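This is model14.txt. It holds compact mmCIF, C-alpha atoms.
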# COMPACT_ATOMS: atom_id res chain seq x y z
CA MET Y 23 -19.98 -21.89 -15.60
CA GLU Y 24 -23.65 -22.22 -14.98
CA LEU Y 25 -24.96 -20.34 -11.96
CA ASN Y 26 -27.55 -21.90 -9.73
CA ALA Y 27 -29.83 -20.30 -7.15
CA GLU Y 28 -27.66 -21.43 -4.23
CA MET Y 29 -24.54 -19.79 -5.70
CA CYS Y 30 -26.34 -16.55 -6.52
CA GLY Y 31 -27.89 -16.37 -3.04
CA ARG Y 32 -24.61 -16.99 -1.29
CA SER Y 33 -22.92 -14.24 -3.29
CA ALA Y 34 -25.62 -11.72 -2.48
CA GLN Y 35 -25.58 -12.56 1.23
CA ALA Y 36 -21.79 -12.48 1.46
CA ALA Y 37 -21.30 -9.14 -0.29
CA ARG Y 38 -20.47 -6.40 2.22
CA VAL Y 39 -19.40 -2.79 2.44
CA VAL Y 40 -17.08 -1.94 5.31
CA SER Y 41 -16.12 1.62 6.18
CA LEU Y 42 -12.58 2.48 7.17
CA LEU Y 43 -14.19 4.31 10.10
CA GLU Y 44 -15.48 0.97 11.47
CA ILE Y 45 -11.97 -0.48 11.75
CA GLU Y 46 -9.51 0.08 14.55
CA SER Y 47 -6.01 0.72 13.27
CA VAL Y 48 -3.06 -1.30 14.51
CA ILE Y 49 0.69 -0.87 14.47
CA ALA Y 50 2.01 -4.00 12.81
CA SER Y 51 5.31 -5.72 13.57
CA HIS Y 52 6.94 -3.90 10.65
CA GLN Y 53 6.00 -0.58 12.32
CA GLN Y 54 3.36 0.58 9.86
CA THR Y 55 -0.02 1.84 10.97
CA LEU Y 56 -2.60 -0.35 9.26
CA ALA Y 57 -6.38 -0.55 9.14
CA PRO Y 58 -7.20 -4.07 7.89
CA VAL Y 59 -10.68 -3.38 6.47
CA ILE Y 60 -11.52 -6.40 4.31
CA THR Y 61 -10.29 -9.61 5.95
CA ARG Y 62 -11.37 -13.11 6.84
CA ASP Y 63 -12.52 -11.81 10.25
CA SER Y 64 -14.41 -8.75 8.99
CA VAL Y 65 -16.23 -10.19 5.94
CA GLY Y 66 -15.22 -13.83 5.61
CA ALA Y 67 -12.71 -13.19 2.80
CA GLU Y 68 -11.10 -16.41 1.63
CA GLN Y 69 -8.28 -15.35 -0.70
CA LEU Y 70 -7.50 -11.66 -0.25
CA SER Y 71 -7.58 -8.72 2.10
CA ALA Y 72 -7.53 -4.97 1.73
CA GLY Y 73 -6.80 -2.13 4.07
CA ALA Y 74 -5.36 1.31 4.57
CA VAL Y 75 -1.76 2.15 5.36
CA PHE Y 76 -0.96 5.43 7.10
CA MET Y 77 2.59 6.76 7.34
CA ARG Y 78 3.66 9.82 9.31
CA PRO Y 79 5.98 12.34 7.61
CA GLY Y 80 9.42 10.85 6.97
CA TRP Y 81 8.36 7.41 8.22
CA MET Y 82 9.63 4.06 7.00
CA SER Y 83 8.53 0.53 7.72
CA ARG Y 84 10.93 -2.09 8.96
CA PRO Y 85 12.36 -4.40 6.26
CA HIS Y 86 9.98 -7.30 5.76
CA ILE Y 87 8.63 -9.94 3.44
CA HIS Y 88 5.23 -11.50 2.91
CA GLU Y 89 6.16 -15.17 2.64
CA ARG Y 90 3.25 -16.33 0.47
CA SER Y 91 1.31 -13.17 -0.36
CA GLU Y 92 1.36 -10.86 -3.32
CA ILE Y 93 0.70 -7.24 -2.43
CA VAL Y 94 -0.48 -4.22 -4.37
CA VAL Y 95 -0.15 -0.71 -2.96
CA MET Y 96 -1.73 2.46 -4.34
CA CYS Y 97 -1.06 5.82 -2.73
CA LEU Y 98 -4.20 7.85 -2.20
CA ARG Y 99 -2.38 10.82 -0.68
CA GLY Y 100 1.35 11.42 -0.73
CA TRP Y 101 4.30 9.80 -2.49
CA ALA Y 102 6.16 6.68 -1.46
CA ALA Y 103 9.35 4.87 -2.22
CA THR Y 104 9.20 1.13 -1.93
CA LEU Y 105 12.76 -0.06 -1.38
CA VAL Y 106 13.03 -3.54 -2.88
CA GLY Y 107 15.52 -6.38 -2.50
CA PRO Y 108 18.76 -6.66 -0.53
CA ASP Y 109 20.16 -3.65 -2.42
CA MET Y 110 17.08 -1.55 -1.45
CA THR Y 111 16.31 -0.40 -5.01
CA PRO Y 112 13.80 2.48 -4.76
CA HIS Y 113 10.53 2.29 -6.71
CA LEU Y 114 8.70 5.63 -6.49
CA HIS Y 115 4.91 5.76 -6.66
CA GLY Y 116 2.22 8.31 -5.97
CA PRO Y 117 -1.51 8.87 -6.33
CA GLY Y 118 -3.01 6.72 -9.07
CA GLU Y 119 0.04 4.47 -9.43
CA PHE Y 120 0.05 0.84 -8.36
CA ALA Y 121 3.12 -0.84 -6.86
CA TYR Y 122 3.32 -4.64 -6.95
CA VAL Y 123 5.52 -6.78 -4.69
CA PRO Y 124 5.67 -10.56 -5.30
CA PRO Y 125 5.68 -13.07 -2.43
CA GLY Y 126 8.93 -13.42 -0.52
CA VAL Y 127 10.47 -10.19 -1.83
CA LEU Y 128 12.22 -8.04 0.77
CA HIS Y 129 10.83 -4.50 0.84
CA VAL Y 130 10.52 -1.34 2.92
CA GLY Y 131 7.78 1.27 2.61
CA VAL Y 132 8.96 4.89 2.86
CA ASN Y 133 7.04 8.15 3.01
CA LEU Y 134 9.06 10.46 0.74
CA SER Y 135 7.78 13.58 2.46
CA ARG Y 136 9.22 14.84 5.70
CA ARG Y 137 6.27 17.21 6.22
CA SER Y 138 3.13 15.45 4.92
CA SER Y 139 1.53 12.14 5.82
CA LEU Y 140 0.88 9.35 3.35
CA LEU Y 141 -2.30 7.32 2.96
CA ALA Y 142 -2.34 4.21 0.78
CA LEU Y 143 -4.65 1.36 -0.12
CA GLU Y 144 -3.06 -2.07 0.16
CA VAL Y 145 -4.45 -5.34 -1.19
CA ARG Y 146 -2.90 -8.68 -0.23
CA THR Y 147 -3.53 -12.30 -1.14
CA ASP Y 148 -3.44 -13.06 2.59
CA PRO Y 149 -7.05 -13.04 3.86
CA THR Y 150 -5.90 -12.12 7.39
CA PHE Y 151 -3.87 -9.10 6.13
CA HIS Y 152 -0.89 -9.99 8.33
CA ASP Y 153 -0.49 -13.76 8.65
CA ASP Y 154 2.68 -14.24 6.60
CA MET Y 155 4.55 -11.01 7.24
CA VAL Y 156 8.08 -11.53 8.55
CA VAL Y 157 10.34 -8.70 9.70
CA VAL Y 158 13.90 -9.17 8.42
CA ASP Y 159 16.13 -7.54 11.04
CA ASP Y 160 19.34 -8.24 9.12
CA TYR Y 161 18.46 -5.45 6.64
CA GLU Y 162 17.47 -2.77 9.15
CA GLN Y 163 20.75 -0.85 8.86
CA ALA Y 164 20.78 -1.04 5.04
CA ALA Y 165 17.20 0.19 4.93
CA ARG Y 166 17.91 3.16 7.20
CA ALA Y 167 20.89 4.11 5.04
CA ALA Y 168 18.85 3.78 1.83
CA VAL Y 169 15.89 5.86 3.06
CA ALA Y 170 17.71 9.19 3.24
CA ALA Y 171 18.66 9.32 -0.45
CA PRO Y 172 15.15 9.37 -1.98
CA GLN Y 173 13.83 11.63 0.79
CA ASP Y 174 16.73 14.09 0.30
CA ARG Y 175 16.27 14.06 -3.49
CA ALA Y 176 12.52 14.60 -3.14
CA ALA Y 177 13.02 17.53 -0.75
CA ALA Y 178 15.59 19.08 -3.10
CA GLY Y 179 13.25 18.80 -6.10
CA GLU Y 180 15.55 16.35 -7.87
CA LEU Y 181 12.90 13.69 -8.53
CA GLU Y 182 10.31 13.85 -11.28
CA LEU Y 183 7.36 14.59 -9.03
CA PRO Y 184 4.57 17.16 -9.47
CA SER Y 185 5.41 20.60 -8.07
CA ASP Y 186 2.73 20.16 -5.40
CA TRP Y 187 3.72 16.57 -4.63
CA GLU Y 188 3.75 17.00 -0.86
CA ASP Y 189 0.18 18.28 -0.89
CA SER Y 190 -1.21 16.19 -3.75
CA ASP Y 191 -3.93 13.59 -3.53
CA SER Y 192 -5.57 11.27 -5.96
CA THR Y 193 -8.24 13.75 -7.08
CA VAL Y 194 -5.99 15.49 -9.60
CA ARG Y 195 -4.65 12.22 -11.01
CA TRP Y 196 -8.12 10.65 -11.32
CA GLN Y 197 -9.47 13.77 -13.02
CA GLN Y 198 -6.61 13.65 -15.53
CA TRP Y 199 -7.35 9.97 -16.21
CA VAL Y 200 -11.03 10.73 -16.81
CA ASN Y 201 -10.25 13.77 -18.99
CA ASP Y 202 -7.82 11.73 -21.09
CA GLY Y 203 -10.67 9.51 -22.20
CA ALA Y 204 -10.53 6.64 -19.73
CA THR Y 205 -14.30 6.74 -19.45
CA ALA Y 206 -15.02 7.11 -23.17
CA GLN Y 207 -16.33 3.56 -23.37
CA TRP Y 208 -18.90 4.24 -20.63

Here is a file; write its structure as structure tokens.
Amino acid sequence: MELNAEMCGRSAQAARVVSLLEIESVIASHQQTLAPVITRDSVGAEQLSAGAVFMRPGWMSRPHIHERSEIVVMCLRGWAATLVGPDMTPHLHGPGEFAYVPPGVLHVGVNLSRRSSLLALEVRTDPTFHDDMVVVDDYEQAARAAVAAPQDRAAAGELELPSDWEDSDSTVRWQQWVNDGATAQW
């Protein structure tokens, strides 16, 4: 692709930095506290959005799908279980790990800790950050039943999590990644 002056100028003018502190958080219909930072409204995004997700200790979202959007979630602080599908299969993820959920897949976000909050970065292919989210009430009871098991196992030390998992943040994981040679090519 050959770039012309008009394309280069548009890109430079459209590039933006938005602080999380500039965004008012909202409680979405699936009962998660969200801060939609990069959206169509905030920066003119056309194909994606990004924001922060905050979960109180022991919290879970309501079962929901994103009809057309792919989502990626990375925990910055805390550990999560994403319960996926009608059988609520738990997928555990923590700082430095990326969870992917395809469009139309039923899921529930769960904070594994009953004493520490969770902060995550979420990227969606929905430029509004919430346009195609649908709460699926039929799975509410199954989700509530499924949440206790991973939280109980985490509290009992039965999951393969770091010993300081309830107090951990991404700093330790990123430092390990750097020390293991991730930046050698730089």

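When all atoms listed in the file are used to compute distances to Y:Thr150, the closest of the residues Y:Ala102, Y:Met96, Y:Ala170, Y:Ala57 turns out to be Y:Ala57.
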
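When atom CA of Y:Thr147 is paired with atom CA of Y:Pro108, their separation reads 23.0 Å.
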
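The two atoms in question, atom CA of Y:Ser47 and atom CA of Y:Ser64, are spaced 13.4 Å apart.
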
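The interatomic distance for the pair atom CA of Y:Val130 and atom CA of Y:Glu44 works out to 27.5 Å.
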
So, with all atoms listed in the file as the atoms that count, which of Y:Ala171, Y:Met77, Y:Ala164, Y:Leu98 lies closest to Y:Ser138?
Y:Met77

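Distances from Y:Pro149, Y:Gly179, Y:Gly131, Y:Gly126 to Y:Asp63 were compared using all atoms listed in the file, and the smallest one belongs to Y:Pro149.
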
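Using all atoms listed in the file, the nearest neighbour of Y:Asp154 within the list Y:Asn133, Y:Ser41, Y:Thr111, Y:Ser51 is Y:Ser51.
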
With a distance cut-off of 8 Å and only C-alpha atoms, select the neighbouring residues of Y:Ser135, excluding the residue or stretch itself and same-chain residues fewer than 3 positions from it, and output the selection as an mmCIF file with C-alpha atoms, keeping the file's coordinate frame.
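To be explicit, this is the file written out as out_31.cif:
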data_model
loop_
_atom_site.group_PDB
_atom_site.id
_atom_site.type_symbol
_atom_site.label_atom_id
_atom_site.label_comp_id
_atom_site.auth_asym_id
_atom_site.auth_seq_id
_atom_site.Cartn_x
_atom_site.Cartn_y
_atom_site.Cartn_z
ATOM 1 C CA PRO Y 79 5.980 12.340 7.610
ATOM 2 C CA GLY Y 80 9.420 10.850 6.970
ATOM 3 C CA GLY Y 100 1.350 11.420 -0.730
ATOM 4 C CA TRP Y 101 4.300 9.800 -2.490
ATOM 5 C CA SER Y 138 3.130 15.450 4.920
ATOM 6 C CA SER Y 139 1.530 12.140 5.820
ATOM 7 C CA GLN Y 173 13.830 11.630 0.790
ATOM 8 C CA ALA Y 176 12.520 14.600 -3.140
ATOM 9 C CA ALA Y 177 13.020 17.530 -0.750
ATOM 10 C CA GLU Y 188 3.750 17.000 -0.860
#

Which protein, DNA or RNA residues have an atom at most 6 Å from (0.7, -7.1, -1.3), counting all atoms listed in the file? List them as number ranges by chain.
Y: 92-94, 123, 145-146

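Comparing Y:Glu46, Y:Glu162, Y:Glu68, Y:Glu144 by their smallest distance to Y:Cys97, the closest is Y:Glu144 (using all atoms listed in the file).
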
Using all atoms listed in the file, which residues sit within 12 Å of Y:Val106 once same-chain residues fewer than 2 positions away are excluded, as a PyMOL selection string?
chain Y and resi 85-87+103-104+108-114+121-124+126-132+161+164-165+168-169

Would you pick out the contacts of Y:His52 at 6 Å or less, using all atoms listed in the file, so that residues sharing its chain but fewer than 3 positions from it are not included, and give the list as an mmCIF file with C-alpha atoms, keeping the file's coordinate frame?
data_model
loop_
_atom_site.group_PDB
_atom_site.id
_atom_site.type_symbol
_atom_site.label_atom_id
_atom_site.label_comp_id
_atom_site.auth_asym_id
_atom_site.auth_seq_id
_atom_site.Cartn_x
_atom_site.Cartn_y
_atom_site.Cartn_z
ATOM 1 C CA SER Y 83 8.530 0.530 7.720
ATOM 2 C CA ARG Y 84 10.930 -2.090 8.960
ATOM 3 C CA VAL Y 157 10.340 -8.700 9.700
#

Residues at most 12 Å from Y:Ile45, counting only C-alpha atoms, excluding those fewer than 3 positions away in the same chain, as a PyMOL selection string?
chain Y and resi 40-42+48+56-61+63-64+72-74
